[in-house]
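S.K.: Please find upload_11.tsv (TSV, C-alpha atoms) on the next line:
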```tsv
chain	number	residue	atom	x	y	z
H	254	MET	CA	-0.90	-21.11	19.52
H	255	HIS	CA	2.10	-19.88	21.51
H	256	THR	CA	1.67	-16.20	22.28
H	257	THR	CA	3.99	-15.66	25.25
H	258	THR	CA	5.75	-12.32	25.08
H	259	THR	CA	8.44	-10.62	27.08
H	260	GLN	CA	8.36	-6.92	27.85
H	261	SER	CA	11.03	-4.26	27.53
H	262	ASN	CA	11.20	-0.50	27.73
H	263	ARG	CA	11.02	1.39	24.49
H	264	ALA	CA	14.36	2.71	23.30
H	265	ALA	CA	14.80	6.44	23.41
H	266	ASP	CA	16.11	6.66	19.85
H	267	SER	CA	13.76	6.56	16.85
H	268	SER	CA	15.50	3.91	14.74
H	269	VAL	CA	13.44	2.28	12.03
H	270	PHE	CA	13.59	-1.14	13.67
H	271	PRO	CA	13.93	-0.78	17.45
H	272	MET	CA	14.96	-4.18	18.77
H	273	ARG	CA	11.95	-4.79	20.95
H	274	GLN	CA	11.20	-8.15	22.48
H	275	ASN	CA	7.41	-7.93	22.71
H	276	MET	CA	6.71	-10.12	19.69
H	277	THR	CA	6.65	-13.81	19.09
H	278	ARG	CA	6.72	-15.65	15.82
H	279	GLN	CA	2.92	-15.67	15.86
H	280	SER	CA	2.17	-12.01	16.63
H	281	MET	CA	3.41	-8.45	16.29
H	282	SER	CA	2.23	-5.57	18.45
H	283	SER	CA	0.58	-2.40	17.22
H	284	ARG	CA	3.38	-0.48	18.97
H	285	GLU	CA	5.98	-2.30	16.90
H	286	ILE	CA	4.06	-1.39	13.74
H	287	SER	CA	3.85	2.28	14.79
H	288	ASP	CA	7.62	2.30	15.39
H	289	LEU	CA	8.19	0.68	12.01
H	290	LEU	CA	6.09	3.32	10.23
H	291	ASN	CA	7.25	6.25	12.38
H	292	SER	CA	3.56	6.80	13.04
H	293	ARG	CA	1.59	7.63	16.18
H	294	HIS	CA	0.46	4.53	18.04
H	295	ASP	CA	-3.10	5.82	18.51
H	296	LYS	CA	-3.44	6.34	14.74
H	297	VAL	CA	-2.28	2.78	14.09
H	298	LYS	CA	-4.83	1.46	16.60
H	299	GLN	CA	-7.60	3.55	14.98
H	300	SER	CA	-6.73	2.04	11.59
H	301	ILE	CA	-6.87	-1.45	13.11
H	302	ASP	CA	-10.30	-0.68	14.60
H	303	ARG	CA	-11.61	0.49	11.20
H	304	LEU	CA	-10.32	-2.66	9.48
H	305	VAL	CA	-12.01	-4.80	12.14
H	306	GLN	CA	-15.30	-2.93	11.63
H	307	ARG	CA	-15.12	-3.58	7.88
H	308	GLY	CA	-14.40	-7.26	8.47
H	309	THR	CA	-11.03	-7.02	6.72
H	310	ILE	CA	-9.18	-8.42	9.75
H	311	VAL	CA	-10.30	-10.19	12.91
H	312	GLN	CA	-10.43	-8.47	16.29
H	313	PRO	CA	-6.87	-8.82	17.66
H	314	PRO	CA	-6.18	-9.66	21.30
H	315	VAL	CA	-5.18	-6.78	23.58
H	316	GLY	CA	-2.31	-6.76	26.06
H	317	ASP	CA	-0.48	-4.35	28.35
H	318	GLU	CA	3.07	-3.28	27.65
H	319	GLN	CA	5.53	-1.39	29.84
H	320	ASN	CA	7.17	1.62	28.17
H	321	ASN	CA	8.75	4.94	29.03
H	322	ASP	CA	7.15	8.20	27.93
H	323	SER	CA	9.06	11.09	26.33
H	324	LEU	CA	10.21	12.21	29.80
H	325	GLY	CA	11.50	8.78	30.72
H	326	ARG	CA	8.66	8.01	33.12
H	327	PRO	CA	7.37	4.41	33.17
H	328	ARG	CA	3.85	3.81	31.90
H	329	THR	CA	1.56	0.94	30.97
H	330	GLU	CA	0.23	1.01	27.42
H	331	SER	CA	-2.55	-1.04	25.82
H	332	VAL	CA	-1.46	-2.65	22.55
H	333	TYR	CA	-2.99	-4.94	19.95
H	334	HIS	CA	-1.24	-8.19	19.00
H	335	LEU	CA	-1.72	-9.02	15.32
H	336	CYS	CA	-1.02	-12.19	13.40
H	337	LYS	CA	1.39	-12.05	10.49
H	338	ARG	CA	-1.31	-11.77	7.82
H	339	ASP	CA	-3.19	-8.96	9.58
H	340	SER	CA	0.00	-6.98	10.21
H	341	PHE	CA	0.54	-6.87	6.42
H	342	VAL	CA	-3.01	-5.63	5.89
H	343	VAL	CA	-2.55	-2.84	8.45
H	344	VAL	CA	0.77	-1.67	7.00
H	345	ALA	CA	-0.58	-1.82	3.43
H	346	GLN	CA	-3.48	0.39	4.55
H	347	LEU	CA	-1.31	2.94	6.35
H	348	SER	CA	1.91	3.07	4.32
H	349	PRO	CA	2.24	0.60	1.45
H	350	GLU	CA	5.83	1.68	0.82
H	351	PHE	CA	6.82	0.09	4.15
H	352	THR	CA	5.52	-3.38	3.24
H	353	ALA	CA	8.96	-4.65	2.17
H	354	ARG	CA	10.42	-3.50	5.48
H	355	LEU	CA	7.71	-5.37	7.34
H	356	VAL	CA	8.57	-8.56	5.45
H	357	ASP	CA	12.22	-8.14	6.46
H	358	ARG	CA	11.26	-7.51	10.07
H	359	TRP	CA	9.11	-10.63	10.26
H	360	GLN	CA	11.97	-12.68	8.82
H	361	GLU	CA	14.32	-11.32	11.48
H	362	LEU	CA	11.86	-12.17	14.24
H	363	GLU	CA	11.21	-15.69	12.97
H	364	ASP	CA	14.91	-16.35	12.57
H	365	GLN	CA	15.53	-15.15	16.14
H	366	VAL	CA	12.77	-17.34	17.57
H	367	ASP	CA	14.03	-20.44	15.76
H	368	GLY	CA	17.65	-19.68	16.62
H	369	ARG	CA	18.60	-19.96	12.99
H	370	LEU	CA	20.07	-16.59	12.01
H	371	ARG	CA	21.58	-17.39	8.66
H	372	ILE	CA	25.28	-16.58	8.55
H	373	PRO	CA	26.97	-17.32	5.21
H	374	ALA	CA	29.69	-19.93	5.56
H	375	ASN	CA	31.81	-18.52	2.75
H	376	TYR	CA	32.06	-15.73	0.22
H	377	ALA	CA	30.15	-17.58	-2.49
H	378	GLU	CA	27.26	-18.29	-0.10
H	379	ALA	CA	27.24	-14.65	1.00
H	380	LEU	CA	26.91	-13.54	-2.63
H	381	GLN	CA	24.03	-15.99	-3.13
H	382	VAL	CA	22.24	-14.70	-0.01
H	383	ALA	CA	22.68	-11.12	-1.19
H	384	ALA	CA	21.33	-12.02	-4.65
H	385	ASP	CA	18.33	-13.82	-3.13
H	386	GLN	CA	17.55	-10.86	-0.88
H	387	ALA	CA	17.82	-8.40	-3.77
H	388	LYS	CA	15.47	-10.56	-5.86
H	389	GLU	CA	12.92	-10.80	-3.05
H	390	SER	CA	13.11	-7.05	-2.36
H	391	GLN	CA	12.50	-6.35	-6.05
H	392	ARG	CA	9.49	-8.69	-6.06
H	393	LEU	CA	8.01	-7.03	-2.99
H	394	GLN	CA	8.60	-3.54	-4.38
H	395	LEU	CA	6.78	-4.48	-7.59
H	396	LEU	CA	3.91	-5.78	-5.48
H	397	VAL	CA	3.80	-2.58	-3.43
H	398	ASP	CA	3.95	-0.41	-6.57
H	399	HIS	CA	1.05	-2.40	-8.03
H	400	GLN	CA	-1.08	-2.06	-4.89
H	401	ALA	CA	-0.23	1.56	-4.05
H	402	PRO	CA	-2.72	3.21	-6.48
H	403	LYS	CA	-5.57	1.06	-5.16
H	404	VAL	CA	-4.64	1.80	-1.54
H	405	ALA	CA	-4.39	5.52	-2.29
H	406	ALA	CA	-7.78	5.48	-4.03
H	407	ILE	CA	-9.39	3.70	-1.08
H	408	ASN	CA	-7.89	6.22	1.33
H	409	ARG	CA	-9.23	9.10	-0.78
H	410	LEU	CA	-12.69	7.56	-0.76
H	411	ALA	CA	-12.54	7.11	3.00
H	412	ALA	CA	-11.60	10.78	3.47
H	413	ALA	CA	-14.32	12.06	1.14
H	414	GLY	CA	-17.13	13.99	2.73
H	415	GLY	CA	-20.83	13.43	2.18
H	416	SER	CA	-22.90	10.60	0.77
H	417	ILE	CA	-23.51	10.14	-2.96
H	418	CYS	CA	-26.12	8.45	-5.12
H	419	ILE	CA	-25.52	4.97	-6.48
H	420	SER	CA	-24.87	6.16	-10.04
H	421	ASP	CA	-22.16	8.55	-8.84
H	422	ALA	CA	-20.73	5.81	-6.64
H	423	ALA	CA	-20.47	3.59	-9.71
H	424	LYS	CA	-18.36	6.26	-11.44
H	425	GLN	CA	-16.05	6.45	-8.41
H	426	LEU	CA	-15.67	2.67	-8.48
H	427	GLN	CA	-15.15	2.61	-12.27
H	428	LEU	CA	-18.27	0.50	-12.78
H	429	SER	CA	-21.38	0.95	-14.87
H	430	PRO	CA	-24.48	1.91	-12.87
H	431	THR	CA	-26.11	-1.35	-13.94
H	432	GLN	CA	-23.20	-3.36	-12.52
H	433	LEU	CA	-23.38	-1.62	-9.18
H	434	PHE	CA	-27.18	-1.74	-8.88
H	435	THR	CA	-27.12	-5.46	-9.71
H	436	TRP	CA	-24.41	-6.17	-7.12
H	437	LEU	CA	-26.13	-4.12	-4.41
H	438	GLU	CA	-29.44	-5.88	-4.98
H	439	ALA	CA	-27.84	-9.33	-5.02
H	440	HIS	CA	-25.96	-8.65	-1.78
H	441	ARG	CA	-28.97	-7.19	0.03
H	442	TRP	CA	-27.99	-3.54	0.10
H	443	ILE	CA	-31.08	-2.28	-1.78
H	444	PHE	CA	-34.51	-3.57	-2.76
H	445	HIS	CA	-37.85	-2.50	-4.26
H	446	ARG	CA	-40.54	-2.02	-1.64
H	447	GLY	CA	-43.87	-3.51	-2.74
H	448	GLY	CA	-44.78	-2.50	-6.27
H	449	SER	CA	-42.67	0.66	-6.18
H	450	LYS	CA	-39.95	1.22	-8.75
H	451	ARG	CA	-37.91	3.23	-6.26
H	452	TRP	CA	-34.96	1.61	-4.54
H	453	THR	CA	-34.83	1.38	-0.75
H	454	ALA	CA	-31.78	0.61	1.40
H	455	TYR	CA	-31.83	-2.40	3.71
H	456	GLN	CA	-31.75	-1.38	7.36
H	457	PRO	CA	-28.65	-3.49	8.22
H	458	GLN	CA	-26.58	-1.50	5.70
H	459	ILE	CA	-27.83	1.74	7.24
H	460	THR	CA	-26.95	0.44	10.70
H	461	ARG	CA	-23.45	-0.45	9.51
H	462	GLY	CA	-23.02	3.12	8.27
H	463	PHE	CA	-22.73	2.03	4.63
H	464	MET	CA	-25.92	3.73	3.40
H	465	VAL	CA	-28.35	6.52	4.29
H	466	HIS	CA	-31.66	7.73	2.90
H	467	LYS	CA	-32.17	11.16	1.37
H	468	VAL	CA	-35.74	12.21	2.09
H	469	THR	CA	-37.51	14.41	-0.48
H	470	GLU	CA	-40.90	15.87	0.34
H	471	LEU	CA	-43.50	15.31	-2.40
H	472	LYS	CA	-46.81	16.97	-3.10
H	473	PRO	CA	-49.66	15.71	-0.89
H	474	ASP	CA	-51.78	12.90	-2.26
H	475	ALA	CA	-54.38	14.40	-4.62
H	476	GLU	CA	-57.20	12.23	-3.29
H	477	THR	CA	-56.50	11.97	0.43
H	478	GLY	CA	-54.31	15.01	1.02
H	479	ALA	CA	-51.86	12.83	2.94
H	480	ASP	CA	-48.23	13.96	3.06
H	481	ARG	CA	-45.87	12.01	0.85
H	482	ALA	CA	-42.08	11.62	0.75
H	483	ALA	CA	-39.55	9.89	-1.49
H	484	TYR	CA	-36.54	8.05	-0.14
H	485	GLN	CA	-33.38	7.91	-2.23
H	486	PRO	CA	-30.66	5.50	-1.03
H	487	LEU	CA	-27.18	7.07	-0.86
H	488	ILE	CA	-23.82	5.42	-0.26
H	489	THR	CA	-21.70	6.89	2.52
H	490	PRO	CA	-17.90	7.34	2.35
H	491	LYS	CA	-17.59	4.31	4.64
H	492	GLY	CA	-19.76	2.24	2.30
H	493	LEU	CA	-17.84	3.45	-0.73
H	494	THR	CA	-14.55	2.44	0.90
H	495	TYR	CA	-15.95	-1.02	1.65
H	496	LEU	CA	-17.10	-1.44	-1.96
H	497	ALA	CA	-13.70	-0.33	-3.28
H	498	GLU	CA	-12.01	-2.96	-1.14
H	499	LYS	CA	-14.39	-5.63	-2.48
H	500	ASN	CA	-13.12	-4.86	-6.01
H	501	ILE	CA	-16.51	-5.61	-7.52
H	502	GLY	CA	-15.40	-5.11	-11.11
H	503	ALA	CA	-12.84	-7.90	-10.87
H	504	ALA	CA	-15.49	-10.33	-9.62
H	505	GLN	CA	-17.86	-9.79	-12.55
```
Written as structure tokens, how would this file's structure read?

M.R.:
Amino acid sequence: MHTTTTQSNRAADSSVFPMRQNMTRQSMSSREISDLLNSRHDKVKQSIDRLVQRGTIVQPPVGDEQNNDSLGRPRTESVYHLCKRDSFVVVAQLSPEFTARLVDRWQELEDQVDGRLRIPANYAEALQVAADQAKESQRLQLLVDHQAPKVAAINRLAAAGGSICISDAAKQLQLSPTQLFTWLEAHRWIFHRGGSKRWTAYQPQITRGFMVHKVTELKPDAETGADRAAYQPLITPKGLTYLAEKNIGAAQ
């Protein structure tokens, strides 16, 4: 895949689409996305890292880019280079209302690379181009409006504090407890240890930060006097966010 890029200093103004030349048809930099969203570059990179950890996108390649800081001093900045698909995922996670703008920006870049900027040959063609663009913008806006509640819900889950029991997690995900328990068992999140009826979380899910155990001290064993404890599996905010993205209800 061709990934050659050229570098340029960042423009001092804060236009929505600074005409940077650090993208190719195959990739877009995290800096370009931060400029598009009027968002801090480090926040965009943190969001990319979280999506990689969840397995939503692949680990993007990293490159150095020459820019000027707010005082006009030159600096070297580390940026991610994302493929077209992953750039949409990142923007949808951060600001779904900007998705249509991202589509337009990708079209501009691809037209520039191919040297085929479409200039209407006559008035009738110009009207047709305008109508096509309006239709596509309307389609994208409907898509964004449809996805926005889900994205907002996922972001709320990610920001929630504390871990919750599986039954409460099912309510948050708009599932029945039976549905969620069945899915978690089938996908190796929880299991019954030995002949016990209590659920236990698989260690890999704990390691991933998706689950934790709540330990409750029980009365000592009546016969041996040995200390006893009960372990209740809880789902963390990170695990809840992952489950929300899986859209379990739609798969059942």

S.K.: Using all atoms listed in the file, list the residues that have an atom at most 6 Å from (-24.0, 7.5, -5.1), coordinates as in the file, as JSON, numbers by chain.

M.R.: {"H": [417, 418, 419, 420, 421, 422, 487, 488]}

S.K.: Could you tell me which of H:Ser287, H:Gln456, H:Ser331, H:Thr489 comes closest to Ser416 in chain H if we count all atoms listed in the file?

M.R.: H:Thr489

S.K.: With only C-alpha atoms as the atoms that count, which of H:Ala374, H:Val356, H:Leu496, H:Leu380 lies nearest to Gln394 in chain H?

M.R.: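 So, comparing all the options, the nearest one is H:Val356.
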
S.K.: Adding 3 Å on each side of the box along x, y and z that holds all listed atoms of range 422-438 of chain H, could you give its centre and edge lengths in Å to one decimal, as JSON?

M.R.:
```
{"center_x": -22.3, "center_y": 0.1, "center_z": -9.6, "size_x": 20.3, "size_y": 18.6, "size_z": 16.5}
```

S.K.: Write out as JSON, numbers by chain which residues come within 12 Å of Tyr495 in chain H when counting all atoms listed in the file, dropping same-chain ones fewer than 2 positions away.

M.R.: {"H": [303, 304, 305, 306, 307, 308, 309, 406, 407, 408, 410, 411, 422, 426, 458, 461, 462, 463, 464, 488, 489, 490, 491, 492, 493, 497, 498, 499, 500, 501]}

S.K.: Could you check how far CA of Phe351 in chain H sits from CA of Leu289 in chain H, in Å to one decimal?

M.R.: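 Between CA of Phe351 in chain H and CA of Leu289 in chain H the gap is 8.0 Å.
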
S.K.: Using Å and a single decimal, report how far CA of Asp480 in chain H sits from CA of Phe444 in chain H.

M.R.: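 Between CA of Phe444 in chain H and CA of Asp480 in chain H the gap works out to 23.0 Å.
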
S.K.: Determine the nearest neighbour of Ala387 in chain H from the options H:Arg328, H:Leu290, H:Asp357, H:His334, counting all atoms listed in the file.

M.R.: H:Asp357
